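Participant: Take a look at structure.txt, compact mmCIF, C-alpha atoms and all ligand atoms:
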# COMPACT_ATOMS: atom_id res chain seq x y z
CA MET A 1201 58.18 22.35 7.87
CA PHE A 1202 59.13 19.16 6.03
CA ASN A 1203 57.44 16.16 7.63
CA ALA A 1204 59.47 12.96 7.23
CA SER A 1205 56.57 10.61 7.95
CA GLU A 1206 54.05 10.14 5.14
CA PRO A 1207 50.40 10.68 6.07
CA PRO A 1208 48.24 7.57 5.66
CA ASP A 1209 46.69 7.28 2.21
CA LEU A 1210 42.91 7.38 2.44
CA PHE A 1211 42.58 5.20 -0.63
CA SER A 1212 44.45 2.29 0.96
CA ARG A 1213 41.15 1.32 2.62
CA PHE A 1214 39.65 0.35 -0.74
CA ALA A 1215 41.92 -2.68 -1.14
CA GLY A 1216 41.26 -3.71 2.46
CA TYR A 1217 37.51 -3.83 1.88
CA THR A 1218 36.65 -7.39 0.93
CA ALA A 1219 33.22 -8.07 2.50
CA ALA A 1220 31.23 -7.45 -0.68
CA SER A 1221 33.74 -9.06 -3.05
CA ASP A 1222 33.86 -12.21 -0.89
CA LEU A 1223 30.09 -12.54 -1.23
CA MET A 1224 30.32 -11.89 -4.98
CA LYS A 1225 32.87 -14.68 -5.36
CA ALA A 1226 30.58 -17.03 -3.43
CA GLY A 1227 27.63 -16.08 -5.71
CA LEU A 1228 25.79 -14.74 -2.66
CA TYR A 1229 25.82 -11.00 -3.30
CA PRO A 1230 22.22 -9.73 -3.09
CA TYR A 1231 22.63 -6.00 -3.76
CA PHE A 1232 22.62 -3.76 -6.85
CA LEU A 1233 20.84 -6.46 -8.87
CA PRO A 1234 20.30 -5.10 -12.38
CA LEU A 1235 16.70 -5.64 -13.51
CA ALA A 1236 15.77 -5.64 -17.16
CA GLY A 1237 12.20 -4.42 -17.21
CA GLN A 1238 9.65 -3.81 -14.51
CA GLU A 1239 5.99 -4.73 -14.71
CA GLY A 1240 5.29 -3.89 -11.09
CA ALA A 1241 4.22 -7.22 -9.60
CA THR A 1242 6.91 -9.03 -11.58
CA VAL A 1243 10.41 -8.08 -12.75
CA ARG A 1244 12.80 -9.56 -15.31
CA ARG A 1245 16.31 -10.64 -14.40
CA SER A 1246 18.70 -12.69 -16.51
CA GLY A 1247 15.87 -13.55 -18.91
CA ARG A 1248 13.59 -14.84 -16.13
CA GLU A 1249 10.44 -13.45 -14.59
CA LEU A 1250 10.48 -13.07 -10.80
CA ILE A 1251 7.56 -12.23 -8.50
CA MET A 1252 8.59 -8.91 -6.96
CA CYS A 1253 8.23 -9.01 -3.16
CA GLY A 1254 10.94 -6.47 -2.49
CA SER A 1255 9.55 -3.21 -3.77
CA ASN A 1256 7.79 -0.22 -2.21
CA ASN A 1257 5.47 0.08 -5.21
CA TYR A 1258 2.53 -0.60 -2.87
CA LEU A 1259 -0.25 0.42 -5.24
CA GLY A 1260 1.48 -0.89 -8.38
CA LEU A 1261 1.12 2.53 -10.00
CA THR A 1262 4.55 2.47 -11.69
CA ALA A 1263 2.87 0.36 -14.38
CA ASP A 1264 -0.27 2.53 -14.70
CA PRO A 1265 -0.72 3.94 -18.24
CA ARG A 1266 -2.15 7.19 -16.82
CA VAL A 1267 1.04 7.78 -14.81
CA HIS A 1268 3.16 7.02 -17.88
CA ALA A 1269 1.12 9.39 -20.06
CA ALA A 1270 1.46 12.20 -17.51
CA ALA A 1271 5.23 11.72 -17.32
CA ARG A 1272 5.53 11.71 -21.12
CA GLY A 1273 3.36 14.81 -21.42
CA ALA A 1274 5.47 16.72 -18.89
CA LEU A 1275 8.68 15.61 -20.57
CA GLU A 1276 7.43 17.01 -23.88
CA ARG A 1277 6.06 20.23 -22.42
CA TYR A 1278 8.81 21.11 -19.89
CA GLY A 1279 11.84 19.18 -21.17
CA SER A 1280 13.88 16.45 -19.53
CA SER A 1281 15.29 18.41 -16.58
CA SER A 1282 14.61 21.50 -14.52
CA THR A 1283 18.39 22.13 -14.58
CA GLY A 1284 18.42 23.85 -11.23
CA SER A 1285 17.09 24.32 -7.74
CA ARG A 1286 13.51 25.44 -7.18
CA PHE A 1287 14.93 28.45 -5.38
CA LEU A 1288 16.43 29.77 -8.62
CA ASN A 1289 15.36 28.43 -12.02
CA GLY A 1290 13.97 24.94 -11.28
CA ASN A 1291 10.44 25.70 -10.03
CA THR A 1292 7.41 24.97 -12.22
CA ASP A 1293 3.64 25.21 -11.90
CA LEU A 1294 3.67 21.39 -11.70
CA HIS A 1295 5.77 21.43 -8.50
CA GLU A 1296 3.36 23.93 -6.96
CA GLU A 1297 0.25 22.00 -8.01
CA LEU A 1298 1.72 18.90 -6.42
CA GLU A 1299 2.38 20.82 -3.19
CA THR A 1300 -1.14 22.20 -3.01
CA GLU A 1301 -2.86 18.88 -3.72
CA LEU A 1302 -0.59 16.92 -1.41
CA ALA A 1303 -1.08 19.35 1.50
CA ASP A 1304 -4.83 19.13 1.02
CA PHE A 1305 -4.72 15.31 0.89
CA LEU A 1306 -2.59 15.07 4.03
CA GLY A 1307 -4.77 17.58 5.89
CA LYS A 1308 -2.05 20.19 6.41
CA PRO A 1309 -2.13 23.85 5.36
CA ALA A 1310 1.04 23.67 3.24
CA ALA A 1311 3.76 21.43 1.82
CA VAL A 1312 7.10 21.81 0.08
CA VAL A 1313 8.40 19.20 -2.37
CA LEU A 1314 12.07 18.19 -2.56
CA SER A 1315 13.90 15.85 -4.92
CA THR A 1316 13.83 12.70 -2.76
CA GLY A 1317 12.37 11.57 0.56
CA TYR A 1318 15.90 11.46 1.91
CA GLN A 1319 16.38 15.12 1.01
CA ALA A 1320 13.00 16.00 2.53
CA ASN A 1321 14.11 14.59 5.88
CA LEU A 1322 17.54 16.17 5.63
CA GLY A 1323 16.02 19.52 4.71
CA ALA A 1324 13.34 19.46 7.41
CA LEU A 1325 15.73 18.50 10.20
CA ALA A 1326 18.87 20.42 9.27
CA GLY A 1327 16.67 23.39 8.34
CA LEU A 1328 14.84 23.43 11.65
CA LEU A 1329 17.25 22.20 14.33
CA THR A 1330 20.38 23.88 15.69
CA PRO A 1331 23.15 22.53 17.97
CA ARG A 1332 21.26 23.97 20.97
CA ASP A 1333 18.23 21.73 20.34
CA TYR A 1334 17.44 18.11 21.21
CA ALA A 1335 16.22 15.54 18.69
CA VAL A 1336 14.59 12.51 20.33
CA VAL A 1337 14.43 9.74 17.77
CA ASP A 1338 12.83 6.26 17.79
CA ARG A 1339 15.57 3.63 17.73
CA ASP A 1340 14.21 2.12 14.50
CA ALA A 1341 13.58 5.41 12.68
CA HIS A 1342 14.85 5.66 9.12
CA ALA A 1343 18.55 6.44 8.50
CA SER A 1344 17.69 9.69 6.70
CA LEU A 1345 16.16 11.05 9.91
CA VAL A 1346 19.29 10.29 11.90
CA ASP A 1347 21.43 11.80 9.13
CA GLY A 1348 19.31 14.95 9.16
CA VAL A 1349 19.77 15.33 12.91
CA ARG A 1350 23.53 14.76 12.60
CA LEU A 1351 23.76 17.38 9.87
CA SER A 1352 21.94 19.89 12.07
CA GLY A 1353 24.36 19.38 14.95
CA ALA A 1354 21.41 18.97 17.36
CA LYS A 1355 21.87 16.69 20.36
CA LEU A 1356 20.64 13.21 19.40
CA ARG A 1357 18.79 11.01 21.92
CA ARG A 1358 17.30 7.62 20.97
CA PHE A 1359 14.32 6.00 22.69
CA PRO A 1360 13.28 2.31 22.63
CA HIS A 1361 11.25 1.39 19.56
CA ASN A 1362 7.63 2.52 19.65
CA ASP A 1363 7.77 2.86 23.44
CA ALA A 1364 5.92 5.95 24.66
CA GLU A 1365 7.04 5.36 28.25
CA GLY A 1366 10.68 5.18 27.07
CA LEU A 1367 10.09 8.44 25.21
CA ARG A 1368 8.64 10.02 28.34
CA ARG A 1369 11.69 9.02 30.39
CA THR A 1370 14.01 10.45 27.73
CA LEU A 1371 12.14 13.75 27.53
CA GLU A 1372 12.04 14.05 31.30
CA GLN A 1373 15.83 14.05 31.43
CA LEU A 1374 16.26 16.98 29.04
CA PRO A 1375 17.01 20.46 30.42
CA ASP A 1376 13.78 22.43 30.90
CA ASP A 1377 15.01 25.28 28.72
CA ALA A 1378 15.95 23.11 25.70
CA ALA A 1379 13.74 22.99 22.60
CA ARG A 1380 12.97 19.41 21.57
CA LEU A 1381 11.69 17.57 18.51
CA VAL A 1382 10.43 13.98 18.66
CA ILE A 1383 11.01 12.01 15.45
CA VAL A 1384 9.23 8.79 14.48
CA ASP A 1385 8.22 6.81 11.39
CA GLY A 1386 4.49 6.35 10.75
CA VAL A 1387 5.02 2.79 9.49
CA TYR A 1388 8.44 1.31 10.20
CA SER A 1389 10.25 0.30 7.05
CA MET A 1390 11.89 -2.86 8.38
CA GLU A 1391 9.26 -4.16 10.84
CA GLY A 1392 6.07 -3.05 9.09
CA ASP A 1393 4.54 -2.05 12.44
CA ILE A 1394 2.58 1.16 12.96
CA CYS A 1395 3.71 3.95 15.27
CA ASP A 1396 1.80 4.20 18.57
CA LEU A 1397 0.79 7.73 17.71
CA PRO A 1398 -1.96 8.18 20.36
CA ALA A 1399 0.52 7.53 23.18
CA ILE A 1400 3.39 9.42 21.52
CA THR A 1401 1.36 12.56 20.78
CA ALA A 1402 0.15 12.56 24.40
CA VAL A 1403 3.74 12.43 25.71
CA CYS A 1404 4.85 15.16 23.28
CA ALA A 1405 2.03 17.43 24.44
CA ARG A 1406 2.90 16.84 28.09
CA TYR A 1407 6.61 17.57 27.62
CA GLY A 1408 6.33 20.49 25.20
CA ALA A 1409 7.94 18.63 22.30
CA ARG A 1410 7.23 19.19 18.63
CA LEU A 1411 6.62 16.02 16.62
CA LEU A 1412 7.77 14.96 13.13
CA VAL A 1413 6.33 11.80 11.54
CA ASP A 1414 8.06 10.30 8.49
CA ASP A 1415 5.15 8.64 6.71
CA ALA A 1416 7.03 7.24 3.72
CA HIS A 1417 5.30 3.85 4.16
CA GLY A 1418 1.96 5.08 5.50
CA LEU A 1419 1.08 7.34 2.56
CA GLY A 1420 -1.03 5.35 0.10
CA VAL A 1421 -1.52 2.49 2.56
CA LEU A 1422 -3.38 3.64 5.69
CA ALA A 1423 -6.66 5.61 6.01
CA GLY A 1424 -7.59 5.73 2.32
CA GLY A 1425 -3.96 6.55 1.59
CA ARG A 1426 -3.83 9.64 3.80
CA GLY A 1427 -1.42 7.87 6.10
CA THR A 1428 -0.69 7.19 9.72
CA THR A 1429 -1.75 10.51 11.21
CA ALA A 1430 -5.17 10.23 9.51
CA HIS A 1431 -5.40 6.56 10.54
CA PHE A 1432 -5.43 7.70 14.18
CA GLY A 1433 -7.33 10.97 13.53
CA LEU A 1434 -4.30 12.82 14.96
CA THR A 1435 -3.10 14.92 12.02
CA ASP A 1436 -3.58 18.13 14.03
CA GLN A 1437 -1.33 16.83 16.83
CA VAL A 1438 1.58 16.20 14.44
CA ASP A 1439 3.63 19.26 13.54
CA LEU A 1440 5.51 18.03 10.48
CA ILE A 1441 4.79 15.10 8.17
CA THR A 1442 7.44 13.99 5.68
CA VAL A 1443 6.65 11.68 2.77
CA THR A 1444 8.31 10.21 -0.28
CA PHE A 1445 6.96 9.82 -3.82
CA SER A 1446 9.13 6.76 -4.50
CA LYS A 1447 6.76 4.28 -2.88
CA SER A 1448 2.96 4.48 -3.29
CA LEU A 1449 3.21 7.48 -5.62
CA ALA A 1450 5.27 5.64 -8.23
CA SER A 1451 7.81 8.39 -8.80
CA LEU A 1452 10.84 10.05 -7.26
CA GLY A 1453 10.76 12.94 -4.80
CA GLY A 1454 9.59 13.80 -1.32
CA ALA A 1455 7.82 16.47 0.71
CA VAL A 1456 7.47 18.11 4.09
CA ALA A 1457 3.94 19.14 5.12
CA GLY A 1458 3.00 21.42 8.01
CA SER A 1459 1.80 24.90 8.82
CA GLU A 1460 2.18 27.76 6.29
CA GLU A 1461 4.78 29.31 8.60
CA ALA A 1462 6.83 26.12 8.94
CA VAL A 1463 6.86 25.49 5.20
CA HIS A 1464 7.78 29.11 4.44
CA TYR A 1465 10.67 28.87 6.92
CA LEU A 1466 11.94 25.57 5.51
CA LYS A 1467 11.81 26.91 1.95
CA HIS A 1468 14.45 29.42 3.02
CA LYS A 1469 16.49 27.20 5.38
CA ALA A 1470 16.50 23.69 3.91
CA ARG A 1471 19.81 23.44 2.10
CA SER A 1472 18.89 20.12 0.45
CA LEU A 1473 16.09 22.08 -1.28
CA MET A 1474 17.99 25.27 -2.02
CA PHE A 1475 21.23 23.75 -3.28
CA SER A 1476 20.02 20.78 -5.29
CA ALA A 1477 18.11 20.53 -8.58
CA SER A 1478 14.36 20.08 -8.34
CA MET A 1479 12.35 16.97 -9.22
CA THR A 1480 12.28 16.47 -12.99
CA PRO A 1481 9.06 17.56 -14.74
CA ALA A 1482 8.33 13.92 -15.61
CA SER A 1483 8.69 12.71 -12.01
CA THR A 1484 6.62 15.64 -10.72
CA ALA A 1485 3.79 14.89 -13.16
CA ALA A 1486 3.99 11.17 -12.37
CA ALA A 1487 3.65 11.83 -8.62
CA LEU A 1488 0.79 14.29 -9.16
CA THR A 1489 -1.12 11.84 -11.35
CA ALA A 1490 -0.51 8.95 -8.95
CA LEU A 1491 -1.84 11.13 -6.12
CA ARG A 1492 -4.99 11.90 -8.14
CA ILE A 1493 -5.49 8.19 -8.90
CA LEU A 1494 -5.06 7.37 -5.22
CA ARG A 1495 -7.71 9.97 -4.28
CA ALA A 1496 -10.13 8.74 -6.92
CA GLU A 1497 -9.57 5.03 -6.26
CA PRO A 1498 -9.10 4.54 -2.51
CA HIS A 1499 -9.90 0.83 -2.95
CA LEU A 1500 -6.23 0.48 -4.01
CA THR A 1501 -5.22 1.06 -0.40
CA THR A 1502 -7.57 -1.61 0.94
CA ASP A 1503 -6.51 -3.93 -1.91
CA VAL A 1504 -2.86 -3.76 -0.90
CA ARG A 1505 -3.65 -4.42 2.73
CA ALA A 1506 -5.93 -7.33 1.84
CA LYS A 1507 -3.18 -8.83 -0.34
CA ALA A 1508 -0.69 -8.51 2.52
CA ASP A 1509 -3.18 -10.08 4.95
CA HIS A 1510 -3.60 -12.99 2.53
CA VAL A 1511 0.17 -13.59 2.51
CA ARG A 1512 0.44 -13.14 6.27
CA ARG A 1513 -2.23 -15.79 6.89
CA GLY A 1514 -0.58 -18.14 4.39
CA LEU A 1515 2.87 -17.71 5.94
CA VAL A 1516 1.58 -18.31 9.47
CA GLU A 1517 -0.22 -21.47 8.30
CA ALA A 1518 3.01 -22.60 6.65
CA GLY A 1519 4.90 -22.02 9.92
CA VAL A 1520 6.88 -19.00 8.67
CA GLY A 1521 7.25 -15.93 10.92
CA THR A 1522 5.78 -12.52 10.09
CA GLY A 1523 7.12 -10.34 12.91
CA GLU A 1524 4.93 -7.59 14.34
CA SER A 1525 3.73 -6.39 10.98
CA THR A 1526 0.15 -5.32 10.26
CA THR A 1527 0.97 -3.57 6.96
CA PRO A 1528 2.20 -4.56 3.45
CA ILE A 1529 5.77 -4.83 4.81
CA ILE A 1530 6.25 -8.35 6.22
CA PRO A 1531 9.64 -9.15 7.81
CA VAL A 1532 10.40 -12.87 7.74
CA PRO A 1533 12.77 -13.99 10.52
CA VAL A 1534 15.81 -16.05 9.45
CA PRO A 1535 18.19 -18.18 11.53
CA ASP A 1536 21.38 -16.09 11.06
CA ALA A 1537 23.18 -13.70 8.72
CA GLN A 1538 25.06 -16.33 6.68
CA GLY A 1539 21.96 -18.51 6.29
CA THR A 1540 20.00 -15.47 5.11
CA LEU A 1541 21.97 -15.17 1.89
CA ALA A 1542 21.75 -18.87 1.08
CA ILE A 1543 17.96 -18.73 1.53
CA TRP A 1544 17.75 -15.54 -0.56
CA GLU A 1545 19.65 -17.25 -3.38
CA ARG A 1546 17.31 -20.25 -3.35
CA LEU A 1547 14.26 -17.95 -3.39
CA ILE A 1548 15.61 -16.11 -6.43
CA ARG A 1549 16.12 -19.44 -8.17
CA ALA A 1550 12.52 -20.35 -7.32
CA GLY A 1551 11.36 -17.07 -8.92
CA VAL A 1552 10.72 -14.91 -5.81
CA TYR A 1553 12.51 -11.59 -5.28
CA VAL A 1554 12.89 -10.50 -1.63
CA ASN A 1555 15.33 -8.20 0.15
CA PRO A 1556 17.76 -9.82 2.58
CA VAL A 1557 18.54 -7.44 5.43
CA LEU A 1558 21.72 -7.86 7.42
CA PRO A 1559 23.26 -6.07 10.42
CA PRO A 1560 24.02 -3.22 10.95
CA ALA A 1561 20.87 -2.20 8.98
CA ALA A 1562 18.74 -4.41 11.26
CA THR A 1563 18.76 -7.91 12.73
CA PRO A 1564 18.91 -10.47 9.90
CA ARG A 1565 15.62 -11.02 8.09
CA LEU A 1566 14.02 -11.20 4.69
CA ARG A 1567 12.13 -7.98 4.13
CA THR A 1568 9.14 -8.82 1.97
CA SER A 1569 6.52 -6.35 0.76
CA TYR A 1570 3.35 -6.61 -1.28
CA MET A 1571 1.36 -4.66 -3.85
CA ALA A 1572 -2.27 -4.05 -4.74
CA THR A 1573 -1.49 -5.49 -8.19
CA HIS A 1574 -0.11 -8.87 -7.07
CA THR A 1575 -2.48 -11.65 -8.12
CA LEU A 1576 -3.61 -14.22 -5.55
CA ASP A 1577 -1.88 -16.90 -7.64
CA GLN A 1578 1.40 -14.99 -7.38
CA LEU A 1579 0.97 -14.59 -3.63
CA ASP A 1580 0.10 -18.27 -3.13
CA ARG A 1581 3.27 -19.15 -5.02
CA VAL A 1582 5.29 -16.86 -2.73
CA VAL A 1583 3.81 -18.58 0.34
CA GLU A 1584 4.58 -21.99 -1.17
CA VAL A 1585 8.19 -21.05 -1.90
CA LEU A 1586 8.84 -19.44 1.50
CA GLY A 1587 6.96 -22.23 3.28
CA SER A 1588 9.20 -24.85 1.67
CA GLU A 1589 12.28 -23.45 3.47
CA PRO A 1590 12.75 -25.51 6.69
CA GLU A 1591 15.11 -22.88 8.12
CA LEU A 1592 12.42 -20.21 7.91
CA ARG A 1593 10.04 -22.43 9.86
CA LEU A 1594 12.75 -23.05 12.45
CA ALA A 1595 13.52 -19.32 12.74
CA ALA A 1596 9.82 -18.62 13.24
CA GLU A 1597 9.72 -21.06 16.15
CA HIS A 1598 12.68 -19.31 17.74
CA ALA A 1599 11.16 -15.89 17.18
CA GLY A 1600 7.89 -17.23 18.66
CA SER A 1601 5.95 -15.39 16.00
CA THR A 1602 3.99 -18.12 14.28
CA VAL A 1603 0.82 -17.00 16.00
CA SER A 1604 1.12 -13.27 15.36
CA ALA A 1605 -1.13 -12.92 12.30
N1 LIG B 1 11.96 7.55 4.98
C1 LIG B 1 11.69 6.24 5.04
C2 LIG B 1 10.96 5.69 6.23
C3 LIG B 1 12.10 5.39 4.01
O1 LIG B 1 11.85 4.08 4.07
C4 LIG B 1 12.79 5.95 2.90
C5 LIG B 1 13.24 5.12 1.73
N2 LIG B 1 13.52 3.82 1.95
C6 LIG B 1 13.04 7.33 2.90
C7 LIG B 1 12.61 8.10 3.95
C8 LIG B 1 13.80 7.96 1.77
O2 LIG B 1 12.97 8.16 0.66
P1 LIG B 1 13.57 8.28 -0.81
O3 LIG B 1 13.84 6.91 -1.31
O4 LIG B 1 12.50 9.00 -1.56
O5 LIG B 1 14.82 9.11 -0.71
Now, as a test, write the supplied structure out as structure tokens.
Facilitator:
Amino acid sequence: MFNASEPPDLFSRFAGYTAASDLMKAGLYPYFLPLAGQEGATVRRSGRELIMCGSNNYLGLTADPRVHAAARGALERYGSSSTGSRFLNGNTDLHEELETELADFLGKPAAVVLSTGYQANLGALAGLLTPRDYAVVDRDAHASLVDGVRLSGAKLRRFPHNDAEGLRRTLEQLPDDAARLVIVDGVYSMEGDICDLPAITAVCARYGARLLVDDAHGLGVLAGGRGTTAHFGLTDQVDLITVTFSKSLASLGGAVAGSEEAVHYLKHKARSLMFSASMTPASTAAALTALRILRAEPHLTTDVRAKADHVRRGLVEAGVGTGESTTPIIPVPVPDAQGTLAIWERLIRAGVYVNPVLPPAATPRLRTSYMATHTLDQLDRVVEVLGSEPELRLAAEHAGSTVSA
């Protein structure tokens, strides 16, 4: 039948979207900044060197010559791309070596590597859960975890951030005959606080829930780099651990670690593994070498935490807030969303790169993060620059966090 009325054109929404272009016109657009060169602790932008306090390169290994040599060697030996999924033509001995060594490091029987941390979470959750199941997710858990649950069609329940009693109440309300998975981050990417794993594992055990911990920010940082579950000595109580190679391991890729059975199942159910090309040989070799360096040089993990503690102390003395963080991620409270961008722009001009975070991602803040390879001079400069912003001191007073270090 001929329909006289035209359907709405999907593309008309492009012209109506002005939020980003308004910021660009005002010179206050903080995203997609092109960097020309990356030394780790510093980056180059528009011909200037900036101290990088907005990266997840916690151990500074992206600049390590051994990681570079491994990536170059793999590029020459295996070529530039695997050109396919691991399931078909894209699996190499390098991918399998990385799985074996990572599983051993994390204290799990097996692991499977995927092309990003995002895909690892998508694969683990959409591979495991069905619409009959319940996923009970910390309110501040990473977006990729929520996306994985949505893709699976499982029923999504959120519980208050890091609140084991809130989790208990949520689990108690689920039907007795429903399978349930609790999902948390090991270290929260925006707050820098550590999951209350002792309380959460106890609740999971009591309510028959399986537990997945996304340890993207714990790997390389806590417990000699082995992460949050090792930090609490609770690796055996956690069913699945997901990690990324794009932070401490200086590469690109991700993994799910667990029992042999779980990993075997996911290798045949995780569509983000089966229908997407595998990690490139160069990124696989880079992650493997970074993992070996981390194992051989665990002082890197205490170095990064000591550097972050140095900044935290400095910021508190300068009257700047540091949230609840006890890790290399330090969220700095700001007065409001509009003010955030003006402060960010002044910090860039003063030579300090931080990430402004705006709703809906989280409440407004500057997300700052630190590396084992920052020098104390660089960190003192960062404290000086942040401490010279009156609005940050004011925001800290409002947040009541000047005494939290
Ligand atoms: N989980 C968490 C907690 C993260 O912070 C991130 C990345 N920001 C990811 C997963 C996704 O990892 P990747 O960048 O490797 O896709």
Participant: Let me make sure I understand: among A:Ala1487, A:Ala1572, A:Ala1335, A:Leu1381, which one has the smallest atom-to-atom distance to ligand LIG 1 (chain B) if we use only C-alpha atoms and all ligand atoms?
Facilitator: A:Ala1487
Participant: Taking all atoms of ligand LIG 1 (chain B) that appear in the file, build a box with edges along x, y and z, extend it by 8 Å on every side, and state its centre and edge lengths in Å to one decimal, as AutoDock Vina command-line options.
Facilitator:
--center_x 12.9 --center_y 6.5 --center_z 2.3 --size_x 19.9 --size_y 21.3 --size_z 23.8
Participant: If you take all atoms listed in the file and a cut-off of 10 Å, which residues of chain A touch ligand LIG 1 (chain B), and what are their nearest atom pairs and distances in Å to one decimal, in chain and number order, as CSV?
Facilitator:
residue,atom,partner,partner_atom,distance
A:Ser1255,CA,B:LIG1,N2,9.9
A:Asn1256,CA,B:LIG1,N2,8.2
A:Leu1314,CA,B:LIG1,O4,9.3
A:Ser1315,CA,B:LIG1,O4,7.8
A:Thr1316,CA,B:LIG1,O4,4.1
A:Gly1317,CA,B:LIG1,O4,3.3
A:Tyr1318,CA,B:LIG1,O5,3.7
A:Gln1319,CA,B:LIG1,O5,6.4
A:Ala1320,CA,B:LIG1,O5,7.8
A:Asn1321,CA,B:LIG1,C7,6.9
A:Leu1322,CA,B:LIG1,C7,9.6
A:Asp1340,CA,B:LIG1,C2,9.6
A:Ala1341,CA,B:LIG1,C2,7.0
A:His1342,CA,B:LIG1,C2,4.8
A:Ala1343,CA,B:LIG1,N1,7.6
A:Ser1344,CA,B:LIG1,C7,6.0
A:Leu1345,CA,B:LIG1,N1,7.4
A:Val1384,CA,B:LIG1,C2,9.0
A:Asp1385,CA,B:LIG1,C2,5.9
A:Gly1386,CA,B:LIG1,C2,7.9
A:Val1387,CA,B:LIG1,C2,7.4
A:Tyr1388,CA,B:LIG1,C2,6.4
A:Ser1389,CA,B:LIG1,O1,5.1
A:Met1390,CA,B:LIG1,O1,8.2
A:Val1413,CA,B:LIG1,C2,9.3
A:Asp1414,CA,B:LIG1,C2,5.9
A:Asp1415,CA,B:LIG1,C2,6.5
A:Ala1416,CA,B:LIG1,C2,4.9
A:His1417,CA,B:LIG1,C2,6.3
A:Gly1418,CA,B:LIG1,C2,9.1
A:Thr1442,CA,B:LIG1,N1,7.9
A:Val1443,CA,B:LIG1,C7,7.1
A:Thr1444,CA,B:LIG1,O4,4.5
A:Phe1445,CA,B:LIG1,O4,6.0
A:Ser1446,CA,B:LIG1,O4,5.0
A:Lys1447,CA,B:LIG1,O4,7.5
A:Ser1451,CA,B:LIG1,O4,8.6
A:Leu1452,CA,B:LIG1,O4,6.0
A:Gly1453,CA,B:LIG1,O4,5.4
A:Gly1454,CA,B:LIG1,O4,5.6
A:Ala1455,CA,B:LIG1,O4,9.1
Participant: Which one of A:Leu1228, A:Asp1347, A:Arg1286, A:Asp1222 sits closest to Phe1475 (chain A) if you count all atoms listed in the file?
Facilitator: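 Counting all atoms listed in the file, the residue closest to Phe1475 (chain A) is A:Arg1286.
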Participant: CA of Glu1297 (chain A) to CA of Thr1573 (chain A): how many Å, to one decimal?
Facilitator: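 Taking CA of Glu1297 (chain A) as the start and CA of Thr1573 (chain A) as the end point, the length is 27.5 Å.
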Participant: Which is closest to Leu1500 (chain A) among A:His1574, A:Arg1272, A:Arg1339, A:Arg1581, if we use all atoms listed in the file?
Facilitator: A:His1574
Participant: Using all atoms listed in the file, find the one residue out of A:Leu1473, A:Leu1466, A:Val1267, A:Ala1303 that sits nearest to Ala1485 (chain A).
Facilitator: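 The shortest atom-to-atom distance to Ala1485 (chain A) comes from A:Val1267.
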Participant: Given the choices A:Glu1591, A:Glu1276, A:Asp1333, A:Asp1377, which gets closest to Val1532 (chain A) if the distance is worked out from all atoms listed in the file?
Facilitator: A:Glu1591
Participant: May I ask which of the residues A:Arg1549, A:Val1582, A:Thr1484, A:Ala1271 is the closest one to Glu1299 (chain A), counting only C-alpha atoms?
Facilitator: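 With only C-alpha atoms as the atom set, the closest residue is A:Thr1484.
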Participant: Give me the region 1422-1532 of chain A side of the contact with region 1350-1368 of chain A, cut-off 12 Å, one line per residue showing its nearest atom pair and distance in Å at one decimal, counting all atoms listed in the file, sorted by chain and residue number, as a Markdown table.
Facilitator:
| residue | atom | partner | partner_atom | distance |
| --- | --- | --- | --- | --- |
| A:Lys1469 | CA | A:Ser1352 | CA | 11.3 |
| A:Ala1470 | CA | A:Ser1352 | CA | 10.5 |
| A:Arg1471 | CA | A:Leu1351 | CA | 10.6 |
| A:Ser1472 | CA | A:Leu1351 | CA | 11.0 |
| A:Glu1524 | CA | A:Asn1362 | CA | 11.7 |
Participant: Identify, on the basis of all atoms listed in the file, every residue whose closest approach to Gln1238 (chain A) does not exceed 12 Å; exclude the query and any residue fewer than 6 positions from it along the same chain; express the result as a compact mmCIF listing (two decimals) with C-alpha atoms, in the coordinates of the input.
Facilitator:
# COMPACT_ATOMS: atom_id res chain seq x y z
CA ARG A 1244 12.80 -9.56 -15.31
CA ARG A 1245 16.31 -10.64 -14.40
CA ARG A 1248 13.59 -14.84 -16.13
CA GLU A 1249 10.44 -13.45 -14.59
CA LEU A 1250 10.48 -13.07 -10.80
CA ILE A 1251 7.56 -12.23 -8.50
CA MET A 1252 8.59 -8.91 -6.96
CA SER A 1255 9.55 -3.21 -3.77
CA ASN A 1257 5.47 0.08 -5.21
CA GLY A 1260 1.48 -0.89 -8.38
CA LEU A 1261 1.12 2.53 -10.00
CA THR A 1262 4.55 2.47 -11.69
CA ALA A 1263 2.87 0.36 -14.38
CA ASP A 1264 -0.27 2.53 -14.70
Participant: May I ask for the distance between CA of Ile1529 (chain A) and CA of Gly1254 (chain A), given in Å to one decimal place?
Facilitator: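 Taking CA of Ile1529 (chain A) as the start and CA of Gly1254 (chain A) as the end point, the length is 9.1 Å.
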Participant: Report, in Å with one decimal, the straight-line distance from CA of Ala1457 (chain A) to CA of Ile1383 (chain A).
Facilitator: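 Pair CA of Ala1457 (chain A) / CA of Ile1383 (chain A) returns 14.4 Å.
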